[in-house]
Amino acid sequence: MPRRGKRPRRGAAEPEMEASSGKRVKATKTGTVNKPVIEAETSDSPKKDLTTIECGNEPSGYWLMKSEPESRLEKGVDVKFGIEDLRAQPQQTACWDGVRNYQARNFLRAMKLGEKAFFYHSNCKEPGIAGLVKIVKEAYPDHTQFEKDSPHYDPASKKDNPKWSMVDVQFIRMTRRFIPLSELKVHHQAHKTSGGPLENMALFTRQRLSVQPVTQGEFDFVLSLEDKESS
DNA sequence: GCCAACGTTGGC
DNA sequence: GCCAACGTTGGC
């Protein structure tokens with residue numbers, strides 16, 4: 001995150017591993033907007049749960065997380081972290097650090113163990129959904145906010161009250177084919193007229209959010225595209 | 001608390 | 001590399 005989205009980095013939950021690190025962040029990812037205009041939820045206030053707002057009433061339990069699969073330096077650090085990088089991690093697990101947007105952070109905090117997310121490739125040649133991951137550790141403080149050399153260092157955040165959170169995600173599988181943004185967009189446009197499942201997809205309505213909720217209908221529809229021709 | 005300026009995201 | 005979209009900052 002961070003900047004964008006994600007940024008998962010290397011090691012995951014256990015405290016141990018390497019400390020420093022590198023990549024990440026952006027968070028890819030991060031962020032997501034428009035429509036229903038959900039409030040910006042800026043800040044730490046407990047206020048309402050965006051997830052709830054967004055999906056009607058129950059959290060969907062599905063998410064979309066953006067990360068950059070191509071190298072890009074941020075403060076001298078390469079934030080590249082594509083799905084192949086996740087696969088290459090020990091246990092195919094990584095922490096999703098670097099998210100520095102309150103809405104995205106709040107979605108991270110709403111994630112529950114075992115929930116699934118689309119791993120989305122952003123800011124690259126071919127943006128789109130590359131695979132599926134699951135949440136294997138719920139939100140905990142993002143250590144990069146305290147690291148001066150991190151691209152996502154936040155001098156305003158204190159250890160006794162961390163502003164930013166991350167979760168750990170584990171690779172589940174690649175999608176049977178890459179599902180490009182361009183294709184999803186065609187469906188989104190059509191669904192706006194026809195009332196189909198992608199009509200309000202956050203990927204289009206909240207375009208800059210690096211961590212966003214996905215409804216059951218959206219999740220099922222997107223996965224149904226896996227076995228269809230790429231049009 | 002408004003809102004203009006600014007910075008970032010991320011598709012193209 | 002451009003630039004639209006949009007979140008954040010900070011003066012007032």
# chains A, B, ... in the order shown; residues from 1 in each chain; ligands from 1
>>> residues_around(residues="DA5 of chain B", least_positions_apart="2", cutoff="12 Å", atoms="only C-alpha atoms (C1' of nucleotides)", output="list in words")
DC3 and DG7 of chain B; DT8, DT9, DG10 and DG11 of chain C
>>> atom_distance(atom1="atom CA of Pro141 of chain A", atom2="atom CA of Ser60 of chain A")
23.5 Å
